[in-house]
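Asks: Okay, so here is model21.cif, and as you'll see once you scroll down, it has mmCIF, C-alpha atoms and all ligand atoms.
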data_run
#
loop_
_atom_site.label_atom_id
_atom_site.label_comp_id
_atom_site.auth_asym_id
_atom_site.auth_seq_id
_atom_site.Cartn_x
_atom_site.Cartn_y
_atom_site.Cartn_z
CA MET A 1 0.00 0.00 0.00
CA THR A 2 1.30 3.45 -0.81
CA LEU A 3 0.67 5.77 2.08
CA ALA A 4 -1.61 8.70 1.30
CA SER A 5 -2.14 7.64 -2.33
CA SER A 6 -3.83 4.25 -2.00
CA ALA A 7 -6.76 3.66 -4.34
CA ALA A 8 -8.86 2.93 -1.26
CA PHE A 9 -8.48 6.41 0.16
CA PRO A 10 -8.26 9.27 -2.37
CA ALA A 11 -11.97 10.09 -2.29
CA ARG A 12 -11.82 10.67 1.47
CA ALA A 13 -10.35 13.96 2.56
CA VAL A 14 -8.39 13.34 5.73
CA SER A 15 -8.68 16.26 8.07
CA GLY A 16 -6.34 16.89 10.95
CA ALA A 17 -2.69 16.27 11.60
CA HIS A 18 -3.29 14.24 14.73
CA ALA A 19 -5.00 11.05 15.87
CA ARG A 20 -7.43 10.90 18.77
CA ILE A 21 -9.31 8.07 20.49
CA THR A 22 -13.03 8.67 20.01
CA GLY A 23 -14.47 5.45 21.46
CA THR A 24 -13.51 2.46 23.58
CA GLY A 25 -15.04 -0.99 24.09
CA SER A 26 -14.19 -4.32 25.65
CA HIS A 27 -15.47 -7.85 26.05
CA LEU A 28 -14.79 -10.67 28.50
CA PRO A 29 -15.93 -14.27 28.12
CA ALA A 30 -18.70 -15.16 30.58
CA ARG A 31 -16.81 -17.97 32.34
CA ARG A 32 -15.05 -16.47 35.40
CA LEU A 33 -12.70 -18.55 37.53
CA THR A 34 -11.60 -17.35 40.96
CA ASN A 35 -8.22 -18.42 42.32
CA ASP A 36 -9.97 -20.93 44.58
CA GLU A 37 -11.85 -22.44 41.63
CA LEU A 38 -8.66 -22.67 39.57
CA ALA A 39 -6.76 -24.16 42.53
CA ALA A 40 -9.46 -26.83 42.93
CA ARG A 41 -9.25 -27.67 39.22
CA LEU A 42 -5.43 -27.98 39.40
CA ALA A 43 -5.60 -30.00 42.64
CA ALA A 44 -7.60 -32.65 40.78
CA ASP A 45 -4.44 -33.19 38.68
CA GLY A 46 -2.13 -33.13 41.69
CA ILE A 47 -0.94 -29.52 41.15
CA GLU A 48 -0.78 -27.45 44.33
CA THR A 49 -1.52 -23.73 44.43
CA SER A 50 -3.61 -21.38 46.54
CA ASP A 51 -5.51 -18.11 46.45
CA ALA A 52 -3.05 -16.75 49.02
CA TRP A 53 0.02 -17.48 46.85
CA ILE A 54 -1.49 -16.10 43.64
CA THR A 55 -2.90 -12.96 45.29
CA GLU A 56 0.27 -12.16 47.22
CA ARG A 57 2.70 -12.67 44.29
CA THR A 58 0.58 -11.20 41.47
CA GLY A 59 -2.51 -9.36 42.72
CA ILE A 60 -4.71 -11.67 40.60
CA ARG A 61 -7.97 -12.88 42.20
CA ALA A 62 -9.89 -14.11 39.13
CA ARG A 63 -9.69 -14.44 35.34
CA HIS A 64 -12.10 -15.17 32.50
CA PHE A 65 -11.64 -18.16 30.18
CA ALA A 66 -13.30 -18.54 26.79
CA ASP A 67 -15.30 -21.70 26.15
CA PRO A 68 -13.85 -24.29 23.76
CA GLY A 69 -14.28 -23.21 20.15
CA VAL A 70 -14.29 -19.48 20.97
CA GLY A 71 -11.50 -17.64 19.16
CA ALA A 72 -9.87 -14.22 19.46
CA SER A 73 -12.16 -12.81 16.75
CA ASP A 74 -15.25 -13.85 18.76
CA LEU A 75 -14.02 -11.71 21.66
CA ALA A 76 -12.75 -8.91 19.40
CA VAL A 77 -16.04 -8.32 17.56
CA PRO A 78 -18.23 -7.30 20.55
CA ALA A 79 -15.36 -5.15 21.88
CA ALA A 80 -15.08 -3.46 18.47
CA GLN A 81 -18.84 -2.95 18.22
CA ALA A 82 -18.89 -1.29 21.64
CA ALA A 83 -16.01 1.01 20.62
CA LEU A 84 -17.76 1.92 17.35
CA THR A 85 -20.99 2.71 19.21
CA ALA A 86 -19.09 4.86 21.73
CA ALA A 87 -17.45 6.74 18.85
CA GLY A 88 -20.77 7.19 17.00
CA ARG A 89 -19.30 5.30 14.03
CA ARG A 90 -20.39 2.33 11.94
CA ALA A 91 -18.28 -0.45 10.49
CA GLU A 92 -18.55 1.18 7.04
CA ASP A 93 -16.70 4.23 8.37
CA LEU A 94 -13.56 2.22 9.10
CA ASP A 95 -10.59 2.56 6.79
CA LEU A 96 -8.10 0.56 8.85
CA ILE A 97 -8.32 -2.44 11.20
CA ILE A 98 -5.36 -3.65 13.27
CA VAL A 99 -5.67 -6.58 15.67
CA ALA A 100 -2.88 -7.11 18.18
CA THR A 101 -2.88 -10.78 19.13
CA SER A 102 -0.57 -13.72 19.83
CA THR A 103 -3.50 -16.13 19.77
CA PRO A 104 -4.96 -15.70 16.26
CA ASP A 105 -7.98 -17.71 15.13
CA MET A 106 -5.83 -19.55 12.57
CA VAL A 107 -2.39 -19.44 10.91
CA PHE A 108 -3.94 -17.35 8.15
CA PRO A 109 -5.87 -15.30 7.20
CA SER A 110 -5.27 -12.72 9.89
CA THR A 111 -7.71 -12.36 12.77
CA ALA A 112 -8.14 -8.76 11.57
CA CYS A 113 -9.59 -10.00 8.25
CA ILE A 114 -11.94 -12.35 10.13
CA VAL A 115 -13.03 -9.47 12.39
CA GLN A 116 -13.53 -7.31 9.30
CA ARG A 117 -15.82 -9.92 7.76
CA LYS A 118 -17.81 -10.35 11.00
CA LEU A 119 -18.20 -6.56 11.33
CA GLY A 120 -19.21 -6.15 7.69
CA ALA A 121 -16.44 -3.64 6.94
CA ALA A 122 -15.11 -4.88 3.60
CA GLY A 123 -12.46 -3.00 1.64
CA CYS A 124 -10.21 -1.32 4.16
CA PRO A 125 -6.75 -2.70 5.01
CA ALA A 126 -6.79 -5.15 7.91
CA PHE A 127 -3.82 -6.90 9.50
CA ASP A 128 -2.59 -8.51 12.70
CA LEU A 129 0.31 -7.23 14.74
CA GLN A 130 2.25 -9.60 16.99
CA ALA A 131 4.20 -8.09 19.87
CA VAL A 132 2.73 -10.29 22.63
CA CYS A 133 1.81 -8.19 25.68
CA SER A 134 3.19 -5.00 24.07
CA GLY A 135 0.89 -5.62 21.11
CA PHE A 136 -1.64 -2.91 21.87
CA VAL A 137 0.91 -0.09 22.31
CA TYR A 138 2.63 -1.29 19.12
CA ALA A 139 -0.71 -1.35 17.22
CA LEU A 140 -1.79 2.06 18.52
CA THR A 141 1.58 3.51 17.49
CA VAL A 142 1.26 2.08 13.96
CA ALA A 143 -2.34 3.31 13.64
CA ASP A 144 -1.32 6.77 14.90
CA SER A 145 1.44 6.91 12.26
CA MET A 146 -0.97 5.88 9.49
CA VAL A 147 -3.61 8.41 10.55
CA ARG A 148 -1.06 11.22 10.78
CA ALA A 149 0.35 10.20 7.36
CA GLY A 150 -3.12 10.53 5.83
CA ALA A 151 -3.46 6.80 5.12
CA ALA A 152 -6.51 6.40 7.35
CA ARG A 153 -8.95 8.67 9.13
CA CYS A 154 -11.02 6.19 11.13
CA ALA A 155 -9.05 3.23 12.48
CA LEU A 156 -10.09 0.35 14.70
CA VAL A 157 -7.31 -0.88 16.98
CA ILE A 158 -8.02 -4.07 18.91
CA GLY A 159 -6.16 -6.23 21.41
CA ALA A 160 -7.74 -9.70 21.60
CA GLU A 161 -6.43 -12.87 23.20
CA VAL A 162 -7.42 -16.39 24.19
CA PHE A 163 -4.27 -17.11 26.20
CA SER A 164 -6.07 -20.05 27.85
CA HIS A 165 -5.37 -21.89 24.56
CA LEU A 166 -1.62 -21.65 25.23
CA LEU A 167 -1.54 -22.50 28.93
CA ASP A 168 0.15 -25.58 30.30
CA PHE A 169 -2.15 -26.50 33.19
CA SER A 170 0.56 -28.74 34.64
CA ASP A 171 2.81 -25.67 35.14
CA ARG A 172 1.55 -23.76 38.18
CA THR A 173 4.14 -21.01 37.68
CA THR A 174 2.36 -19.79 34.52
CA CYS A 175 -1.19 -21.17 34.27
CA VAL A 176 -2.45 -19.07 37.20
CA LEU A 177 -1.35 -15.79 35.59
CA PHE A 178 -3.31 -15.43 32.36
CA GLY A 179 -6.87 -14.83 31.14
CA ASP A 180 -8.87 -14.20 27.96
CA GLY A 181 -10.54 -11.00 26.72
CA ALA A 182 -10.55 -8.18 24.19
CA GLY A 183 -10.43 -4.39 24.17
CA ALA A 184 -10.77 -1.95 21.28
CA VAL A 185 -10.47 1.73 20.45
CA VAL A 186 -11.58 3.83 17.49
CA LEU A 187 -8.77 6.23 16.52
CA GLU A 188 -9.72 9.15 14.28
CA ALA A 189 -7.99 12.00 12.47
CA SER A 190 -8.26 15.18 14.49
CA ASP A 191 -7.10 18.78 14.40
CA ALA A 192 -5.85 18.54 17.98
CA PRO A 193 -3.95 15.72 19.72
CA GLY A 194 -4.88 13.07 20.70
CA ILE A 195 -1.82 10.99 20.80
CA LEU A 196 1.11 13.06 22.04
CA ALA A 197 4.08 10.68 21.93
CA CYS A 198 4.86 7.01 21.31
CA GLU A 199 7.99 4.95 21.85
CA LEU A 200 8.58 1.28 21.04
CA HIS A 201 11.47 -1.09 21.77
CA ALA A 202 12.43 -4.73 21.34
CA ASP A 203 15.41 -6.87 22.31
CA GLY A 204 15.28 -10.26 20.61
CA ARG A 205 18.23 -11.51 22.65
CA HIS A 206 15.65 -12.32 25.33
CA ALA A 207 13.27 -14.23 23.03
CA ASP A 208 13.64 -17.43 25.07
CA ILE A 209 12.50 -16.14 28.47
CA LEU A 210 8.87 -15.80 27.41
CA CYS A 211 7.78 -17.84 24.41
CA THR A 212 5.43 -20.41 22.93
CA PRO A 213 7.96 -22.36 20.88
CA GLY A 214 5.66 -24.29 18.56
CA SER A 215 4.87 -24.05 14.84
CA ILE A 216 3.19 -26.02 12.08
CA ALA A 217 5.06 -27.87 9.35
CA GLY A 218 4.03 -30.73 7.11
CA GLY A 219 0.60 -30.85 8.72
CA GLN A 220 2.13 -31.44 12.17
CA VAL A 221 2.64 -29.29 15.24
CA VAL A 222 6.40 -28.91 15.61
CA GLY A 223 7.90 -27.93 18.97
CA ARG A 224 5.92 -27.27 22.14
CA PRO A 225 2.98 -24.93 21.54
CA LEU A 226 2.48 -24.06 25.22
CA LEU A 227 3.52 -20.92 27.04
CA HIS A 228 6.93 -21.01 28.70
CA MET A 229 8.15 -18.22 30.99
CA ASP A 230 11.16 -17.57 33.18
CA GLY A 231 9.13 -15.38 35.56
CA GLN A 232 12.03 -13.89 37.49
CA ALA A 233 13.95 -12.95 34.32
CA VAL A 234 10.80 -11.30 32.91
CA PHE A 235 10.21 -9.49 36.19
CA LYS A 236 13.77 -8.07 36.28
CA LEU A 237 13.73 -6.94 32.64
CA ALA A 238 10.26 -5.39 32.97
CA VAL A 239 11.05 -3.28 36.03
CA GLY A 240 14.33 -2.21 34.39
CA VAL A 241 12.79 -0.74 31.23
CA LEU A 242 9.26 0.41 32.03
CA ASP A 243 9.94 3.64 33.90
CA GLN A 244 12.53 4.61 31.26
CA VAL A 245 10.16 4.26 28.32
CA ALA A 246 7.38 6.05 30.23
CA GLN A 247 9.76 8.91 31.06
CA ALA A 248 10.82 9.05 27.38
CA VAL A 249 7.26 9.71 26.13
CA LEU A 250 6.69 12.29 28.88
CA ASP A 251 9.93 14.08 27.92
CA ARG A 252 9.08 13.98 24.24
CA ALA A 253 5.68 15.57 24.88
CA GLY A 254 7.10 18.15 27.31
CA ARG A 255 5.00 16.73 30.16
CA THR A 256 5.82 15.34 33.58
CA ALA A 257 4.38 12.56 35.74
CA ALA A 258 2.35 15.26 37.53
CA ASP A 259 0.42 15.80 34.27
CA VAL A 260 -0.68 12.15 34.09
CA ASP A 261 -4.31 11.76 35.14
CA TRP A 262 -4.32 7.97 34.62
CA PHE A 263 -1.50 5.48 34.26
CA ILE A 264 -2.72 2.35 32.41
CA PRO A 265 0.09 -0.20 32.41
CA HIS A 266 -0.04 -3.70 30.93
CA GLN A 267 -1.86 -5.72 33.58
CA ALA A 268 0.65 -8.52 34.24
CA ASN A 269 1.48 -8.29 37.87
CA LEU A 270 0.51 -5.77 40.52
CA ARG A 271 4.05 -5.67 41.89
CA ILE A 272 5.53 -4.64 38.51
CA MET A 273 2.79 -2.02 38.05
CA ALA A 274 3.27 -0.58 41.53
CA SER A 275 7.07 -0.50 41.20
CA THR A 276 6.86 1.37 37.88
CA ALA A 277 4.32 3.87 39.20
CA ARG A 278 6.50 4.49 42.27
CA LYS A 279 9.65 5.07 40.17
CA LEU A 280 7.75 7.50 37.92
CA GLY A 281 6.17 9.33 40.83
CA VAL A 282 2.57 8.52 39.82
CA PRO A 283 0.42 7.98 42.94
CA ALA A 284 -1.23 4.56 43.33
CA GLU A 285 -4.73 6.07 43.14
CA ARG A 286 -4.03 7.24 39.56
CA VAL A 287 -3.17 3.72 38.32
CA ILE A 288 -5.97 1.78 36.58
CA VAL A 289 -5.87 -1.77 37.92
CA THR A 290 -7.86 -4.65 36.40
CA VAL A 291 -5.31 -7.46 36.79
CA ASP A 292 -7.14 -8.50 39.98
CA GLU A 293 -10.28 -9.40 38.00
CA HIS A 294 -8.87 -10.18 34.52
CA GLY A 295 -5.46 -11.73 35.11
CA ASN A 296 -2.92 -11.05 32.37
CA THR A 297 -4.80 -10.85 29.05
CA SER A 298 -1.64 -9.97 27.08
CA ALA A 299 -2.38 -7.58 24.17
CA ALA A 300 -5.96 -7.12 25.42
CA SER A 301 -5.04 -5.92 28.90
CA ILE A 302 -4.46 -2.21 28.22
CA PRO A 303 -7.58 -1.55 26.08
CA LEU A 304 -9.64 -3.62 28.54
CA ALA A 305 -8.36 -1.54 31.45
CA LEU A 306 -8.88 1.69 29.48
CA ASP A 307 -12.48 0.80 28.65
CA HIS A 308 -13.22 -0.20 32.24
CA GLY A 309 -11.86 3.12 33.48
CA VAL A 310 -13.98 4.99 30.93
CA ARG A 311 -17.18 3.07 31.69
CA GLN A 312 -16.69 3.49 35.43
CA GLY A 313 -16.61 7.27 34.78
CA ARG A 314 -13.08 7.58 36.16
CA ILE A 315 -11.36 8.38 32.85
CA ARG A 316 -12.95 11.50 31.33
CA PRO A 317 -12.54 13.44 28.08
CA GLY A 318 -9.45 15.66 28.28
CA ASP A 319 -7.60 13.43 30.75
CA THR A 320 -3.95 12.68 30.03
CA LEU A 321 -3.30 8.94 29.84
CA LEU A 322 0.00 7.08 29.98
CA LEU A 323 -0.25 3.59 28.45
CA GLU A 324 2.61 1.16 28.77
CA GLY A 325 3.23 -2.39 27.58
CA VAL A 326 5.88 -5.06 28.12
CA GLY A 327 6.01 -8.64 26.96
CA GLY A 328 7.53 -11.46 24.98
CA GLY A 329 10.11 -10.68 22.36
CA PHE A 330 11.32 -9.05 24.60
CA THR A 331 9.20 -5.99 23.67
CA TRP A 332 8.16 -2.83 25.46
CA GLY A 333 6.71 0.58 24.70
CA ALA A 334 4.58 3.50 25.86
CA VAL A 335 2.00 5.91 24.46
CA LEU A 336 1.07 9.27 26.02
CA LEU A 337 -2.24 10.80 24.94
CA ASP A 338 -4.90 13.32 25.73
CA PHE A 339 -8.19 11.44 25.83
N1 LIG B 401 1.32 -21.63 43.56
C1 LIG B 401 2.08 -21.95 44.60
N2 LIG B 401 3.42 -21.94 44.57
C2 LIG B 401 4.00 -21.56 43.40
C3 LIG B 401 3.25 -21.19 42.26
C4 LIG B 401 1.85 -21.25 42.38
N3 LIG B 401 1.03 -20.91 41.35
N4 LIG B 401 4.10 -20.87 41.28
C5 LIG B 401 5.34 -21.00 41.77
N5 LIG B 401 5.28 -21.42 43.05
C6 LIG B 401 6.39 -21.70 43.97
C7 LIG B 401 7.64 -22.09 43.23
O1 LIG B 401 7.64 -23.48 42.95
C8 LIG B 401 8.70 -21.72 44.25
O2 LIG B 401 8.75 -22.72 45.21
P1 LIG B 401 10.18 -23.17 45.86
O3 LIG B 401 10.66 -21.94 46.56
O4 LIG B 401 9.80 -24.28 46.76
O5 LIG B 401 11.02 -23.56 44.70
C9 LIG B 401 8.12 -20.47 44.90
O6 LIG B 401 6.72 -20.48 44.63
C10 LIG B 401 8.70 -19.20 44.38
O7 LIG B 401 8.72 -19.24 42.95
P2 LIG B 401 9.26 -18.04 42.12
O8 LIG B 401 9.16 -18.35 40.66
O9 LIG B 401 10.59 -17.64 42.66
O10 LIG B 401 8.18 -16.93 42.49
P3 LIG B 401 8.23 -15.40 42.23
O11 LIG B 401 8.15 -14.67 43.50
O12 LIG B 401 9.31 -15.02 41.27
O13 LIG B 401 6.84 -15.17 41.51
C11 LIG B 401 5.96 -14.78 39.34
C12 LIG B 401 6.57 -15.80 40.27
C13 LIG B 401 4.65 -14.30 39.92
C14 LIG B 401 5.69 -15.43 37.98
C15 LIG B 401 6.94 -13.60 39.20
O14 LIG B 401 8.22 -14.06 38.84
C16 LIG B 401 6.49 -12.62 38.18
O15 LIG B 401 5.51 -11.94 38.39
N6 LIG B 401 7.23 -12.48 37.06
C17 LIG B 401 6.85 -11.63 36.01
C18 LIG B 401 5.88 -12.36 35.18
C19 LIG B 401 5.11 -11.45 34.34
O16 LIG B 401 4.77 -10.37 34.72
N7 LIG B 401 4.86 -11.94 33.16
C20 LIG B 401 4.10 -11.28 32.27
C21 LIG B 401 4.83 -10.14 31.58
S1 LIG B 401 4.96 -10.38 29.94
C22 LIG B 401 3.53 -10.89 29.50
O17 LIG B 401 2.57 -10.35 29.96
C23 LIG B 401 3.40 -12.07 28.62
#
For the structure just supplied, provide its representation as structure tokens.
Replies:
Amino acid sequence: MTLASSAAFPARAVSGAHARITGTGSHLPARRLTNDELAARLAADGIETSDAWITERTGIRARHFADPGVGASDLAVPAAQAALTAAGRRAEDLDLIIVATSTPDMVFPSTACIVQRKLGAAGCPAFDLQAVCSGFVYALTVADSMVRAGAARCALVIGAEVFSHLLDFSDRTTCVLFGDGAGAVVLEASDAPGILACELHADGRHADILCTPGSIAGGQVVGRPLLHMDGQAVFKLAVGVLDQVAQAVLDRAGRTAADVDWFIPHQANLRIMASTARKLGVPAERVIVTVDEHGNTSAASIPLALDHGVRQGRIRPGDTLLLEGVGGGFTWGAVLLDF
């Protein structure tokens, strides 16, 4: 696609040099498992864990799991529809769809194309973006660039995951941490920001500490398609980079932590979130926390938390939001925006 001159776009005058979120939505599968319920399920297979251990080490109290046969697109579509409704837009208005996911419906086509079909939004570009738990900040950054370049004026950016599909329920160090869900935003061209600053990073040298090392070849699954994590290595890397990347977007926008109304970090672990907020100087009461109820939903966690904050009436138009992601790759990034 040639930016700004694609055949799909010339009839649409793109107004505004900025991109702004105009609607949010989210969706969780109905099946909710508390720590006690999960512990009982694991105990049946001889795996020991407890609500006390999970809550103390992670802050997680419950998570939602999709039923068998439910894919990322099934969670993404209601989240997208809620975001479109909030923005006062219809699927036909979309000229870009990006889905951040590490748990796509199938090898191909992309989950974004499946979501496009289910929404009835044919014609616009649609693609998946894979940056694991940093996926949403990566996708929002790409969409912001495309809107500011004139390649789109009404974009749908989704994070959608069914991480339960990847969990090894014989590994208590990982299976208690994750959940399923989806969150979405509509991002539109605007005369005023909107998105103020974005910064993305990756360091592939750490690919092995958080991975699902399986693939498909010759009609067979090759490797082990279950989530593997060295939790302590991830913890150390995450707390080492997150305050730096958050400070970088603040500096770039000429803002300080005092200007941040709401800090919305990737919801992986309450201890990582609290440590980052402390280092930045953002008070705990300005951090949106949903990890307690959702677990770690990877690329879905930030837009889910954002939508919850909006629907609870805590996040209001004009608020300054600091979003921040970290995950497998190793990847990390931040986005600062005026809502
Ligand atoms: N229940 C009970 N005991 C457990 C459990 C469990 N679910 N899991 C581990 N343990 C035990 C271990 O076996 C170990 O026992 P031992 O001392 O007898 O050997 C003990 O608890 C301590 O284990 P550690 O792994 O050292 O526990 P730690 O305090 O490091 O906490 C955790 C583990 C929560 C995973 C932590 O390392 C962490 O939060 N890491 C970051 C993970 C993360 O945030 N990942 C997501 C970011 S990227 C992304 O989102 C994909």
Asks: If you take every atom of ligand LIG 401 (chain B) that the file lists and fit an axis-aligned box around them with 5 Å extra on each side, what centre and edge lengths come out in Å to one decimal, as AutoDock Vina command-line options?
Replies:
--center_x 6.0 --center_y -17.2 --center_z 37.7 --size_x 20.0 --size_y 24.1 --size_z 28.1
Asks: What's around region 203-205 of chain A at 8 Å? Count all atoms listed in the file, leave out sequence neighbours fewer than 4 positions away in its own chain, and write the answer as a compact mmCIF listing (two decimals) with C-alpha atoms, in the coordinates of the input.
Replies:
# COMPACT_ATOMS: atom_id res chain seq x y z
CA GLY A 329 10.11 -10.68 22.36
CA PHE A 330 11.32 -9.05 24.60
CA THR A 331 9.20 -5.99 23.67
Asks: Write out as a list in words each polymer residue (protein, DNA or RNA) that has an atom no more than 6 Å from ligand LIG 401 (chain B), with all atoms listed in the file counted.
Replies: Thr49, Ser50, Trp53, Ile54, Arg57, Thr58, Cys133, Arg172, Thr173, Val176, Gly231, Gln232, Val234, Phe235, Ala268, Asn269, Ser298, Val326, Gly327 and Gly328 of chain A
Asks: I'd like the contact shell of Leu250 (chain A) - 10 Å cut-off, only C-alpha atoms, skipping same-chain residues fewer than 2 positions apart - returned as number ranges by chain.
Replies: A: 196-198, 244-248, 252-257, 259-260, 322, 334-337
Asks: Any chance you can output those residues with C-alpha atoms as a PDB file, in the frame of the given file?
Replies:
ATOM      1  CA  LEU A 196       1.110  13.060  22.040  1.00  0.00           C
ATOM      2  CA  ALA A 197       4.080  10.680  21.930  1.00  0.00           C
ATOM      3  CA  CYS A 198       4.860   7.010  21.310  1.00  0.00           C
ATOM      4  CA  GLN A 244      12.530   4.610  31.260  1.00  0.00           C
ATOM      5  CA  VAL A 245      10.160   4.260  28.320  1.00  0.00           C
ATOM      6  CA  ALA A 246       7.380   6.050  30.230  1.00  0.00           C
ATOM      7  CA  GLN A 247       9.760   8.910  31.060  1.00  0.00           C
ATOM      8  CA  ALA A 248      10.820   9.050  27.380  1.00  0.00           C
ATOM      9  CA  ARG A 252       9.080  13.980  24.240  1.00  0.00           C
ATOM     10  CA  ALA A 253       5.680  15.570  24.880  1.00  0.00           C
ATOM     11  CA  GLY A 254       7.100  18.150  27.310  1.00  0.00           C
ATOM     12  CA  ARG A 255       5.000  16.730  30.160  1.00  0.00           C
ATOM     13  CA  THR A 256       5.820  15.340  33.580  1.00  0.00           C
ATOM     14  CA  ALA A 257       4.380  12.560  35.740  1.00  0.00           C
ATOM     15  CA  ASP A 259       0.420  15.800  34.270  1.00  0.00           C
ATOM     16  CA  VAL A 260      -0.680  12.150  34.090  1.00  0.00           C
ATOM     17  CA  LEU A 322       0.000   7.080  29.980  1.00  0.00           C
ATOM     18  CA  ALA A 334       4.580   3.500  25.860  1.00  0.00           C
ATOM     19  CA  VAL A 335       2.000   5.910  24.460  1.00  0.00           C
ATOM     20  CA  LEU A 336       1.070   9.270  26.020  1.00  0.00           C
ATOM     21  CA  LEU A 337      -2.240  10.800  24.940  1.00  0.00           C
TER      22      LEU A 337
END
Asks: Between CA of Thr111 (chain A) and CA of Asp168 (chain A), what distance in Å does the model show, to one decimal?
Replies: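 Pair CA of Thr111 (chain A) / CA of Asp168 (chain A) returns 23.3 Å.
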Asks: Which residue is closest to Asp251 (chain A)? Choose from A:Gly69, A:Glu199, A:Ala87, A:Val132 and count only C-alpha atoms.
Replies: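 Of the candidates, the smallest distance to Asp251 (chain A) is held by A:Glu199.
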Asks: Tell me which residues come within 10 Å of (-12.7, 5.3, 21.2), as number ranges by chain, counting only C-alpha atoms in the file's coordinates.
Replies: A: 20-25, 80, 82-89, 155-157, 184-188, 303, 306-307, 310, 339
Asks: Give the answer as one residue: which of A:Ala192, A:Val162, A:Ala151, A:Ala43 has the shortest atom-to-atom distance to Cys124 (chain A), using all atoms listed in the file?
Replies: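 Using all atoms listed in the file, Cys124 (chain A) sits closest to A:Ala151.
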Asks: Kindly indicate which residue among A:Glu293, A:Glu285, A:Glu161, A:Asp51 lies nearest to Ala66 (chain A), using all atoms listed in the file for the distances.
Replies: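 Counting all atoms listed in the file, the residue closest to Ala66 (chain A) is A:Glu161.
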Asks: With distances taken over only C-alpha atoms, which residue among A:Arg41, A:Arg32, A:Arg153, A:Arg224 lies nearest Ala62 (chain A)?
Replies: A:Arg32
Asks: Can you tell me how far CA of Phe163 (chain A) sits from CA of Ala121 (chain A), in Å to one decimal?
Replies: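 Computing the Euclidean distance for CA of Phe163 (chain A) and CA of Ala121 (chain A) yields 26.5 Å.
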Asks: For Gly295 (chain A), list every protein, DNA or RNA residue within 9 Å, evaluated using only C-alpha atoms, and leave out those in the same chain fewer than 5 positions away; present the list as a ChimeraX atom specification.
Replies: /A:58-64,176-180,267-269,290,301
Asks: Calculated over all atoms listed in the file, which of the candidates A:Ile98, A:Val241, A:Met273, A:Val221 has the smallest distance to Gly159 (chain A)?
Replies: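 The shortest atom-to-atom distance to Gly159 (chain A) comes from A:Ile98.
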